[in-house]
file input.cif (mmCIF, C-alpha atoms)
data_coords
loop_
_atom_site.label_atom_id
_atom_site.label_comp_id
_atom_site.auth_asym_id
_atom_site.auth_seq_id
_atom_site.Cartn_x
_atom_site.Cartn_y
_atom_site.Cartn_z
CA MET A 178 65.39 -38.61 -97.36
CA LYS A 179 64.19 -36.40 -94.55
CA ASP A 180 67.38 -37.12 -92.76
CA LYS A 181 69.52 -35.89 -95.60
CA THR A 182 67.42 -32.79 -96.09
CA ASN A 183 67.66 -31.91 -92.46
CA ILE A 184 71.42 -32.15 -92.36
CA SER A 185 72.15 -30.31 -95.56
CA GLU A 186 69.74 -27.49 -94.98
CA THR A 187 70.46 -26.72 -91.38
CA GLY A 188 74.14 -27.46 -91.57
CA ALA A 189 73.71 -29.33 -88.34
CA PRO A 190 75.75 -32.32 -87.32
CA PRO A 191 73.86 -35.60 -87.36
CA GLU A 192 72.31 -35.61 -83.93
CA ARG A 193 69.88 -38.41 -84.50
CA GLN A 194 71.57 -40.64 -81.99
CA ALA A 195 70.84 -38.18 -79.21
CA ALA A 196 67.09 -38.38 -79.06
CA GLY A 197 66.54 -36.66 -75.75
CA GLU A 198 65.46 -38.50 -72.68
CA LEU A 199 64.23 -41.55 -74.45
CA GLY A 200 67.56 -43.28 -74.34
CA PRO A 201 69.82 -42.65 -77.30
CA ARG A 202 71.03 -45.55 -79.40
CA SER A 203 68.65 -47.99 -77.83
CA GLY A 204 67.64 -48.87 -81.36
CA THR A 205 63.96 -49.17 -80.56
CA GLY A 206 61.23 -48.13 -82.92
CA THR A 207 60.04 -45.49 -80.48
CA VAL A 208 63.21 -43.50 -80.64
CA LYS A 209 63.40 -43.77 -84.38
CA ASP A 210 59.80 -42.70 -84.86
CA GLU A 211 60.05 -39.73 -82.59
CA THR A 212 63.26 -38.59 -84.21
CA LYS A 213 61.64 -38.79 -87.59
CA MET A 214 58.62 -36.83 -86.47
CA ASN A 215 60.74 -34.12 -84.91
CA GLU A 216 62.81 -33.78 -88.00
CA MET A 217 59.77 -33.29 -90.11
CA SER A 218 58.45 -30.53 -87.90
CA VAL A 219 61.71 -28.62 -87.75
CA PRO A 220 61.48 -25.57 -89.95
CA ARG A 221 63.81 -25.40 -92.91
CA SER A 222 66.73 -23.01 -93.17
CA ARG A 223 67.29 -22.87 -89.48
CA ARG A 224 70.34 -23.67 -87.49
CA THR A 225 70.18 -25.97 -84.55
CA ASP A 226 72.85 -24.17 -82.53
CA ASP A 227 70.13 -21.99 -81.03
CA GLY A 228 68.88 -24.82 -78.86
CA LEU A 229 65.59 -25.14 -80.71
CA GLY A 230 66.51 -28.03 -82.96
CA PRO A 231 65.04 -31.50 -83.25
CA ASN A 232 66.41 -32.67 -79.91
CA SER A 233 65.46 -29.62 -77.93
CA ASP A 234 62.60 -29.98 -75.47
CA ILE A 235 61.73 -26.29 -75.69
CA GLY A 236 61.76 -26.47 -79.47
CA ALA A 237 59.50 -29.51 -79.49
CA LYS A 238 57.04 -27.93 -77.04
CA LEU A 239 57.02 -24.73 -79.05
CA ARG A 240 56.21 -26.60 -82.25
CA ALA A 241 53.56 -28.69 -80.52
CA PHE A 242 51.88 -25.52 -79.25
CA TYR A 243 52.11 -23.83 -82.64
CA GLY A 244 51.08 -26.94 -84.51
CA ALA A 245 47.97 -27.39 -82.36
CA VAL A 246 46.65 -24.07 -83.67
CA GLN A 247 48.03 -24.46 -87.16
CA ASP A 248 46.44 -27.88 -87.65
CA GLN A 249 42.96 -26.63 -86.89
CA PRO A 250 40.75 -26.26 -89.94
CA ILE A 251 40.50 -22.74 -91.33
CA PRO A 252 37.39 -21.15 -89.80
CA ASP A 253 34.51 -20.50 -92.19
CA LYS A 254 34.50 -16.83 -91.31
CA PHE A 255 37.94 -16.48 -92.91
CA LEU A 256 36.82 -18.26 -96.05
CA ASP A 257 33.66 -16.13 -96.18
CA LEU A 258 35.73 -12.99 -95.82
CA LEU A 259 38.01 -14.04 -98.67
CA GLU A 260 35.00 -14.73 -100.88
CA LYS A 261 33.53 -11.34 -100.05
CA LEU A 262 36.78 -9.53 -100.77
CA ASP A 263 37.01 -11.37 -104.06
CA GLU A 264 33.42 -10.56 -105.03
CA VAL A 265 33.82 -6.88 -104.26
CA GLU A 266 36.94 -6.78 -106.36
CA GLN A 267 35.34 -8.59 -109.28
CA ALA A 268 32.34 -6.29 -109.15
CA SER A 269 34.47 -3.16 -109.19
CA LYS A 270 36.46 -4.53 -112.11
CA ARG A 271 33.32 -5.11 -114.14
CA LYS A 272 32.22 -1.54 -113.54
CA GLY A 273 35.63 -0.43 -114.72
CA MET B 184 47.57 -8.08 -114.05
CA GLU B 185 45.53 -11.15 -113.28
CA GLN B 186 47.26 -11.82 -109.99
CA SER B 187 44.18 -12.01 -107.81
CA PRO B 188 43.35 -15.75 -107.97
CA SER B 189 46.90 -16.71 -107.16
CA PHE B 190 47.18 -14.10 -104.42
CA LYS B 191 44.02 -15.46 -102.86
CA ARG B 192 45.37 -18.98 -103.02
CA GLU B 193 48.64 -18.01 -101.39
CA LEU B 194 46.88 -16.03 -98.70
CA LEU B 195 44.70 -19.04 -97.98
CA ALA B 196 47.70 -21.32 -97.76
CA THR B 197 49.38 -19.06 -95.21
CA LEU B 198 46.30 -18.65 -92.98
CA PRO B 199 46.93 -21.60 -90.62
CA SER B 200 50.44 -20.47 -89.78
CA LEU B 201 49.38 -16.83 -89.62
CA ARG B 202 46.70 -17.79 -87.14
CA ALA B 203 49.14 -19.70 -84.96
CA PHE B 204 51.41 -16.66 -84.92
CA ALA B 205 48.44 -14.45 -83.99
CA VAL B 206 47.61 -16.73 -81.06
CA SER B 207 51.24 -16.57 -79.95
CA LEU B 208 51.20 -12.78 -80.05
CA SER B 209 47.83 -12.08 -78.49
CA GLY B 210 47.61 -15.09 -76.21
CA ARG B 211 43.95 -15.60 -77.03
CA HIS B 212 42.02 -17.31 -79.78
CA ASP B 213 39.24 -14.75 -80.13
CA LYS B 214 41.64 -11.82 -80.26
CA ALA B 215 43.87 -13.75 -82.61
CA ASP B 216 41.08 -14.39 -85.08
CA ASP B 217 40.12 -10.71 -85.11
CA LEU B 218 43.74 -9.94 -85.77
CA VAL B 219 43.90 -12.40 -88.65
CA GLN B 220 40.74 -10.93 -90.21
CA ASP B 221 42.13 -7.39 -89.97
CA THR B 222 45.34 -8.65 -91.52
CA MET B 223 43.50 -10.32 -94.38
CA MET B 224 41.68 -7.09 -95.20
CA LYS B 225 44.85 -5.03 -94.99
CA ALA B 226 46.73 -7.51 -97.15
CA TRP B 227 43.95 -7.63 -99.70
CA ALA B 228 43.91 -3.85 -99.97
CA LYS B 229 47.68 -3.77 -100.33
CA GLN B 230 48.04 -6.72 -102.68
CA ASP B 231 49.25 -4.54 -105.53
CA SER B 232 52.29 -3.72 -103.46
CA PHE B 233 53.09 -7.40 -103.08
CA GLN B 234 55.27 -8.98 -105.71
CA MET B 235 54.22 -12.48 -106.65
CA GLY B 236 57.00 -14.97 -106.23
CA THR B 237 58.48 -13.19 -103.24
CA ASN B 238 57.93 -14.36 -99.69
CA ILE B 239 54.21 -13.86 -99.08
CA LYS B 240 54.40 -15.53 -95.69
CA ALA B 241 56.93 -13.02 -94.38
CA TRP B 242 54.92 -10.20 -95.95
CA LEU B 243 51.71 -11.33 -94.24
CA PHE B 244 53.43 -11.90 -90.90
CA THR B 245 54.81 -8.37 -91.07
CA ILE B 246 51.35 -6.93 -91.69
CA LEU B 247 49.87 -8.95 -88.84
CA ARG B 248 52.61 -7.96 -86.43
CA ASN B 249 52.31 -4.27 -87.32
CA GLU B 250 48.55 -4.51 -86.91
CA PHE B 251 48.93 -6.18 -83.51
CA TYR B 252 51.24 -3.51 -82.12
CA SER B 253 49.25 -0.64 -83.54
CA GLN B 254 46.10 -2.04 -81.92
CA MET B 255 47.99 -2.51 -78.66
CA ARG B 256 49.06 1.10 -78.72
CA LYS B 257 45.52 2.25 -79.38
CA ARG B 258 43.92 0.20 -76.68
CA GLY B 259 46.65 0.35 -74.14
CA ARG B 260 47.98 -2.78 -72.62
CA GLU B 261 45.42 -5.39 -71.84
CA VAL B 262 45.73 -8.21 -69.42
CA GLN B 263 46.09 -11.45 -71.27
CA ASP B 264 44.06 -14.50 -70.60
CA THR B 265 46.87 -16.86 -69.88
CA ASP B 266 45.06 -20.09 -69.34
CA GLY B 267 41.44 -19.68 -70.32
CA ALA B 268 40.48 -20.02 -73.94
CA PHE B 269 43.60 -21.77 -75.05
CA THR B 270 43.51 -24.54 -72.47
CA GLU B 271 39.95 -25.25 -73.47
CA ARG B 272 40.93 -25.68 -77.09
CA MET B 273 43.93 -27.74 -76.18
CA SER B 274 41.77 -30.38 -74.61
CA VAL B 275 40.15 -30.88 -78.00
CA HIS B 276 43.50 -31.04 -79.71
CA PRO B 277 45.80 -32.98 -77.45
CA SER B 278 49.30 -33.33 -78.73
CA GLN B 279 51.92 -35.91 -77.94
CA TYR B 280 52.58 -33.83 -74.84
CA GLY B 281 49.99 -33.80 -72.12
CA VAL B 282 47.36 -31.10 -71.95
CA LEU B 283 48.56 -29.90 -68.56
CA ASP B 284 52.11 -29.88 -69.75
CA MET B 285 51.10 -27.73 -72.69
CA ALA B 286 49.11 -25.36 -70.49
CA ASP B 287 52.25 -24.82 -68.42
CA PHE B 288 54.24 -24.16 -71.53
CA LYS B 289 51.65 -21.69 -72.83
CA LYS B 290 51.73 -19.85 -69.52
CA ALA B 291 55.52 -19.62 -69.61
CA LEU B 292 55.43 -18.44 -73.22
CA ASP B 293 52.86 -15.77 -72.40
CA GLY B 294 55.05 -14.64 -69.53
CA LEU B 295 57.90 -13.72 -71.85
CA PRO B 296 58.39 -10.10 -72.87
CA PRO B 297 56.60 -9.62 -76.24
CA ASP B 298 59.81 -9.10 -78.22
CA GLN B 299 61.29 -12.34 -76.93
CA ARG B 300 58.07 -14.25 -77.41
CA GLU B 301 57.64 -13.31 -81.04
CA ALA B 302 61.33 -14.00 -81.68
CA ILE B 303 61.30 -17.55 -80.39
CA VAL B 304 58.01 -18.32 -82.13
CA LEU B 305 59.15 -16.99 -85.52
CA ILE B 306 62.45 -18.87 -85.35
CA GLY B 307 61.43 -21.99 -83.48
CA ALA B 308 57.98 -22.67 -84.90
CA SER B 309 57.05 -20.50 -87.88
CA GLY B 310 60.08 -21.62 -89.85
CA PHE B 311 61.67 -18.27 -90.63
CA SER B 312 65.38 -17.67 -90.91
CA TYR B 313 66.97 -15.13 -88.59
CA GLU B 314 67.18 -12.70 -91.49
CA GLU B 315 63.48 -13.04 -92.30
CA ALA B 316 62.46 -12.79 -88.65
CA ALA B 317 64.60 -9.68 -88.21
CA ASP B 318 62.87 -8.11 -91.22
CA ILE B 319 59.44 -8.96 -89.84
CA CYS B 320 60.28 -7.44 -86.46
CA HIS B 321 62.21 -4.47 -87.87
CA CYS B 322 65.34 -5.26 -85.92
CA ALA B 323 68.91 -6.36 -86.57
CA VAL B 324 69.78 -10.03 -87.04
CA GLY B 325 72.01 -9.93 -83.96
CA THR B 326 69.15 -8.52 -81.91
CA MET B 327 66.92 -11.33 -83.12
CA LYS B 328 69.50 -13.92 -82.12
CA SER B 329 69.89 -12.53 -78.64
CA ARG B 330 66.12 -12.33 -78.14
CA VAL B 331 65.73 -15.97 -79.14
CA SER B 332 68.55 -16.97 -76.85
CA ARG B 333 67.13 -15.08 -73.87
CA ALA B 334 63.65 -16.44 -74.53
CA ARG B 335 64.95 -20.00 -74.63
CA THR B 336 66.94 -19.60 -71.44
CA ARG B 337 63.96 -18.11 -69.65
CA LEU B 338 61.59 -20.85 -70.78
CA GLN B 339 64.08 -23.50 -69.72
CA GLU B 340 64.36 -21.91 -66.28
CA GLN B 341 60.63 -21.61 -65.83
CA LEU B 342 59.87 -25.11 -67.00
CA GLY B 343 62.77 -26.64 -65.15
CA ILE B 344 64.37 -28.01 -68.30
CA SER B 345 68.09 -28.21 -68.63
CA GLY B 346 69.22 -27.23 -72.09
CA GLU B 347 72.25 -29.45 -72.14
CA ALA B 348 70.41 -32.62 -71.27
CA ASP B 349 68.38 -32.11 -74.39
CA TYR B 350 71.41 -32.50 -76.57
CA GLY B 351 73.72 -35.14 -75.23
CA PRO B 352 72.96 -38.47 -73.66
CA ASP B 353 71.93 -38.23 -70.02
CA SER B 354 74.12 -39.83 -67.37
CA VAL B 355 72.47 -43.23 -67.63
CA SER B 356 72.54 -43.53 -71.38
CA ALA B 357 76.00 -41.99 -71.52
CA GLN B 358 77.16 -44.98 -69.53
CA VAL B 359 75.46 -47.33 -71.92
CA THR B 360 77.04 -45.54 -74.84
CA SER B 361 80.55 -45.71 -73.46
CA GLN B 362 80.09 -49.40 -72.63
CA GLY B 363 78.99 -50.06 -76.14
CA PHE B 364 82.19 -48.78 -77.67
#

call {"tool": "encode", "arguments": {"input": "input.cif", "output": "structure tokens"}}
result
Amino acid sequence: MKDKTNISETGAPPERQAAGELGPRSGTGTVKDETKMNEMSVPRSRRTDDGLGPNSDIGAKLRAFYGAVQDQPIPDKFLDLLEKLDEVEQASKRKG
Amino acid sequence: MEQSPSFKRELLATLPSLRAFAVSLSGRHDKADDLVQDTMMKAWAKQDSFQMGTNIKAWLFTILRNEFYSQMRKRGREVQDTDGAFTERMSVHPSQYGVLDMADFKKALDGLPPDQREAIVLIGASGFSYEEAADICHCAVGTMKSRVSRARTRLQEQLGISGEADYGPDSVSAQVTSQGF
């Protein structure tokens, strides 16, 4: 499913067999798993001819770096701020 | 009229990615969080100008980026902490790549000119199309493409990665492949 999505949306040729340094077409679970994971993390509506696709080392590092921040829980101070903004707005609405 | 609850929800959903972009821009977690907070307040104040159903992520990224550069202009250029705060956090959140490996990557990324850095992050990690990224950065699509390309080349050089090897089979596996057919 992911596979199909990846191909149709990026217009990229099926490059699954070339899974970087891990030894393409070795048919091991490792290669398969990593390919799958990379595909999932590749943003939609992007071409792979820019060298940042699922088999690109730079692309993978970039997404690992970005993902490390993105996967952190949202800090409470942000949630508090949103609540405060919401309260202020509600209060001003009530006053008219 | 009652767009506030949904706006809040969408803002909340975009926060993790917005934060990652802020870290990419500023190079530091503390600065990045200040930037995100300023962006949230700006966005909240401007929410009437946002049309529900359009791309809120691109809208928020644009606000954050504008905020970042306007603060930079006000303060003058500051020296970035290239391997302090981030490396510390990374050790708590190790990825499939080693911590040291990632620290090297972060350093190389921080070493890029700001326009190239934001370009490769928006395209390679944030998930924007070239058109969206060009809108966010107020530049032409062609300019965005060339920035991404230069950024990638520079990172590859600095990290000693060959771009081509990332695509095709290396010499050893190429042999295996040709034997197999």

call {"tool": "residues_around", "arguments": {"input": "input.cif", "residues": "Leu256 in chain A", "least_positions_apart": "2", "cutoff": "12 Å", "atoms": "all atoms listed in the file", "output": "JSON, numbers by chain"}}
result
{"A": [250, 251, 252, 253, 254, 258, 259, 260, 261, 262, 263], "B": [191, 192, 194, 195, 196, 198, 199, 219, 220, 223]}

call {"tool": "residues_around", "arguments": {"input": "input.cif", "residues": "range 242-254 of chain B", "least_positions_apart": "2", "cutoff": "6 Å", "atoms": "only C-alpha atoms", "output": "MDAnalysis selection string"}}
result
chainID B and resid 222 239:240 256:257 319

call {"tool": "atom_distance", "arguments": {"input": "input.cif", "atom1": "CA of Met327 in chain B", "atom2": "CA of Arg300 in chain B"}}
result
10.9 Å

call {"tool": "atom_distance", "arguments": {"input": "input.cif", "atom1": "CA of Glu193 in chain B", "atom2": "CA of Leu292 in chain B"}}
result
29.0 Å

call {"tool": "residues_around", "arguments": {"input": "input.cif", "residues": "Phe242 in chain A", "least_positions_apart": "4", "cutoff": "8 Å", "atoms": "all atoms listed in the file", "output": "ChimeraX atom specification"}}
result
/A:238,246 /B:285,289

call {"tool": "atom_distance", "arguments": {"input": "input.cif", "atom1": "CA of Asp257 in chain A", "atom2": "CA of Trp227 in chain B"}}
result
13.8 Å

call {"tool": "residues_near_point", "arguments": {"input": "input.cif", "point": "(56.8, -25.1, -77.9)", "cutoff": "9 Å", "atoms": "only C-alpha atoms", "output": "list of chain:residue names"}}
result
A:Asp234, A:Ile235, A:Gly236, A:Ala237, A:Lys238, A:Leu239, A:Arg240, A:Ala241, A:Phe242, A:Tyr243, A:Gly244, B:Met285, B:Phe288, B:Lys289, B:Leu292, B:Val304, B:Gly307, B:Ala308

call {"tool": "residues_around", "arguments": {"input": "input.cif", "residues": "Lys328 in chain B", "least_positions_apart": "3", "cutoff": "10 Å", "atoms": "all atoms listed in the file", "output": "list in words"}}
result
Asp227 of chain A; Gln299, Ala302, Ile303, Ile306, Tyr313, Glu314, Ala316, Ala317, Ala323, Val324, Gly325, Val331, Ser332, Arg333 and Ala334 of chain B

call {"tool": "write_last_selection", "arguments": {"input": "input.cif", "atoms": "C-alpha atoms", "output": "PDB file, keeping the file's coordinate frame"}}
result
ATOM      1  CA  ASP A 227      70.130 -21.990 -81.030  1.00  0.00           C
TER       2      ASP A 227
ATOM      3  CA  GLN B 299      61.290 -12.340 -76.930  1.00  0.00           C
ATOM      4  CA  ALA B 302      61.330 -14.000 -81.680  1.00  0.00           C
ATOM      5  CA  ILE B 303      61.300 -17.550 -80.390  1.00  0.00           C
ATOM      6  CA  ILE B 306      62.450 -18.870 -85.350  1.00  0.00           C
ATOM      7  CA  TYR B 313      66.970 -15.130 -88.590  1.00  0.00           C
ATOM      8  CA  GLU B 314      67.180 -12.700 -91.490  1.00  0.00           C
ATOM      9  CA  ALA B 316      62.460 -12.790 -88.650  1.00  0.00           C
ATOM     10  CA  ALA B 317      64.600  -9.680 -88.210  1.00  0.00           C
ATOM     11  CA  ALA B 323      68.910  -6.360 -86.570  1.00  0.00           C
ATOM     12  CA  VAL B 324      69.780 -10.030 -87.040  1.00  0.00           C
ATOM     13  CA  GLY B 325      72.010  -9.930 -83.960  1.00  0.00           C
ATOM     14  CA  VAL B 331      65.730 -15.970 -79.140  1.00  0.00           C
ATOM     15  CA  SER B 332      68.550 -16.970 -76.850  1.00  0.00           C
ATOM     16  CA  ARG B 333      67.130 -15.080 -73.870  1.00  0.00           C
ATOM     17  CA  ALA B 334      63.650 -16.440 -74.530  1.00  0.00           C
TER      18      ALA B 334
END

call {"tool": "build_atoms", "arguments": {"input": "input.cif", "residues": "range 315-331 of chain B", "atoms": "N, CA and C atoms", "output": "PDB file, in the frame of the given file"}}
result
ATOM      1  N   GLU B 315      64.901 -13.311 -92.051  1.00  0.00           N
ATOM      2  CA  GLU B 315      63.480 -13.040 -92.300  1.00  0.00           C
ATOM      3  C   GLU B 315      62.796 -12.533 -91.036  1.00  0.00           C
ATOM      4  N   ALA B 316      63.079 -13.180 -89.922  1.00  0.00           N
ATOM      5  CA  ALA B 316      62.460 -12.790 -88.650  1.00  0.00           C
ATOM      6  C   ALA B 316      62.872 -11.373 -88.267  1.00  0.00           C
ATOM      7  N   ALA B 317      64.117 -11.029 -88.521  1.00  0.00           N
ATOM      8  CA  ALA B 317      64.600  -9.680 -88.210  1.00  0.00           C
ATOM      9  C   ALA B 317      63.868  -8.647 -89.072  1.00  0.00           C
ATOM     10  N   ASP B 318      63.636  -8.995 -90.330  1.00  0.00           N
ATOM     11  CA  ASP B 318      62.870  -8.110 -91.220  1.00  0.00           C
ATOM     12  C   ASP B 318      61.451  -7.911 -90.690  1.00  0.00           C
ATOM     13  N   ILE B 319      60.819  -9.011 -90.313  1.00  0.00           N
ATOM     14  CA  ILE B 319      59.440  -8.960 -89.840  1.00  0.00           C
ATOM     15  C   ILE B 319      59.343  -8.071 -88.590  1.00  0.00           C
ATOM     16  N   CYS B 320      60.327  -8.179 -87.719  1.00  0.00           N
ATOM     17  CA  CYS B 320      60.280  -7.440 -86.460  1.00  0.00           C
ATOM     18  C   CYS B 320      61.024  -6.096 -86.518  1.00  0.00           C
ATOM     19  N   HIS B 321      61.481  -5.738 -87.697  1.00  0.00           N
ATOM     20  CA  HIS B 321      62.210  -4.470 -87.870  1.00  0.00           C
ATOM     21  C   HIS B 321      63.367  -4.331 -86.887  1.00  0.00           C
ATOM     22  N   CYS B 322      64.176  -5.347 -86.790  1.00  0.00           N
ATOM     23  CA  CYS B 322      65.340  -5.260 -85.920  1.00  0.00           C
ATOM     24  C   CYS B 322      66.544  -5.905 -86.607  1.00  0.00           C
ATOM     25  N   ALA B 323      67.702  -5.771 -85.996  1.00  0.00           N
ATOM     26  CA  ALA B 323      68.910  -6.360 -86.570  1.00  0.00           C
ATOM     27  C   ALA B 323      68.939  -7.872 -86.328  1.00  0.00           C
ATOM     28  N   VAL B 324      69.672  -8.580 -87.177  1.00  0.00           N
ATOM     29  CA  VAL B 324      69.780 -10.030 -87.040  1.00  0.00           C
ATOM     30  C   VAL B 324      70.377 -10.410 -85.684  1.00  0.00           C
ATOM     31  N   GLY B 325      71.383  -9.664 -85.260  1.00  0.00           N
ATOM     32  CA  GLY B 325      72.010  -9.930 -83.960  1.00  0.00           C
ATOM     33  C   GLY B 325      71.027  -9.758 -82.811  1.00  0.00           C
ATOM     34  N   THR B 326      70.175  -8.753 -82.934  1.00  0.00           N
ATOM     35  CA  THR B 326      69.150  -8.520 -81.910  1.00  0.00           C
ATOM     36  C   THR B 326      68.188  -9.703 -81.861  1.00  0.00           C
ATOM     37  N   MET B 327      67.821 -10.181 -83.038  1.00  0.00           N
ATOM     38  CA  MET B 327      66.920 -11.330 -83.120  1.00  0.00           C
ATOM     39  C   MET B 327      67.540 -12.548 -82.439  1.00  0.00           C
ATOM     40  N   LYS B 328      68.812 -12.776 -82.722  1.00  0.00           N
ATOM     41  CA  LYS B 328      69.500 -13.920 -82.120  1.00  0.00           C
ATOM     42  C   LYS B 328      69.524 -13.827 -80.607  1.00  0.00           C
ATOM     43  N   SER B 329      69.795 -12.641 -80.091  1.00  0.00           N
ATOM     44  CA  SER B 329      69.890 -12.530 -78.640  1.00  0.00           C
ATOM     45  C   SER B 329      68.513 -12.641 -77.985  1.00  0.00           C
ATOM     46  N   ARG B 330      67.482 -12.173 -78.683  1.00  0.00           N
ATOM     47  CA  ARG B 330      66.120 -12.330 -78.140  1.00  0.00           C
ATOM     48  C   ARG B 330      65.733 -13.801 -78.061  1.00  0.00           C
ATOM     49  N   VAL B 331      66.049 -14.536 -79.114  1.00  0.00           N
ATOM     50  CA  VAL B 331      65.730 -15.970 -79.140  1.00  0.00           C
ATOM     51  C   VAL B 331      66.464 -16.683 -78.006  1.00  0.00           C
TER      52      VAL B 331
END
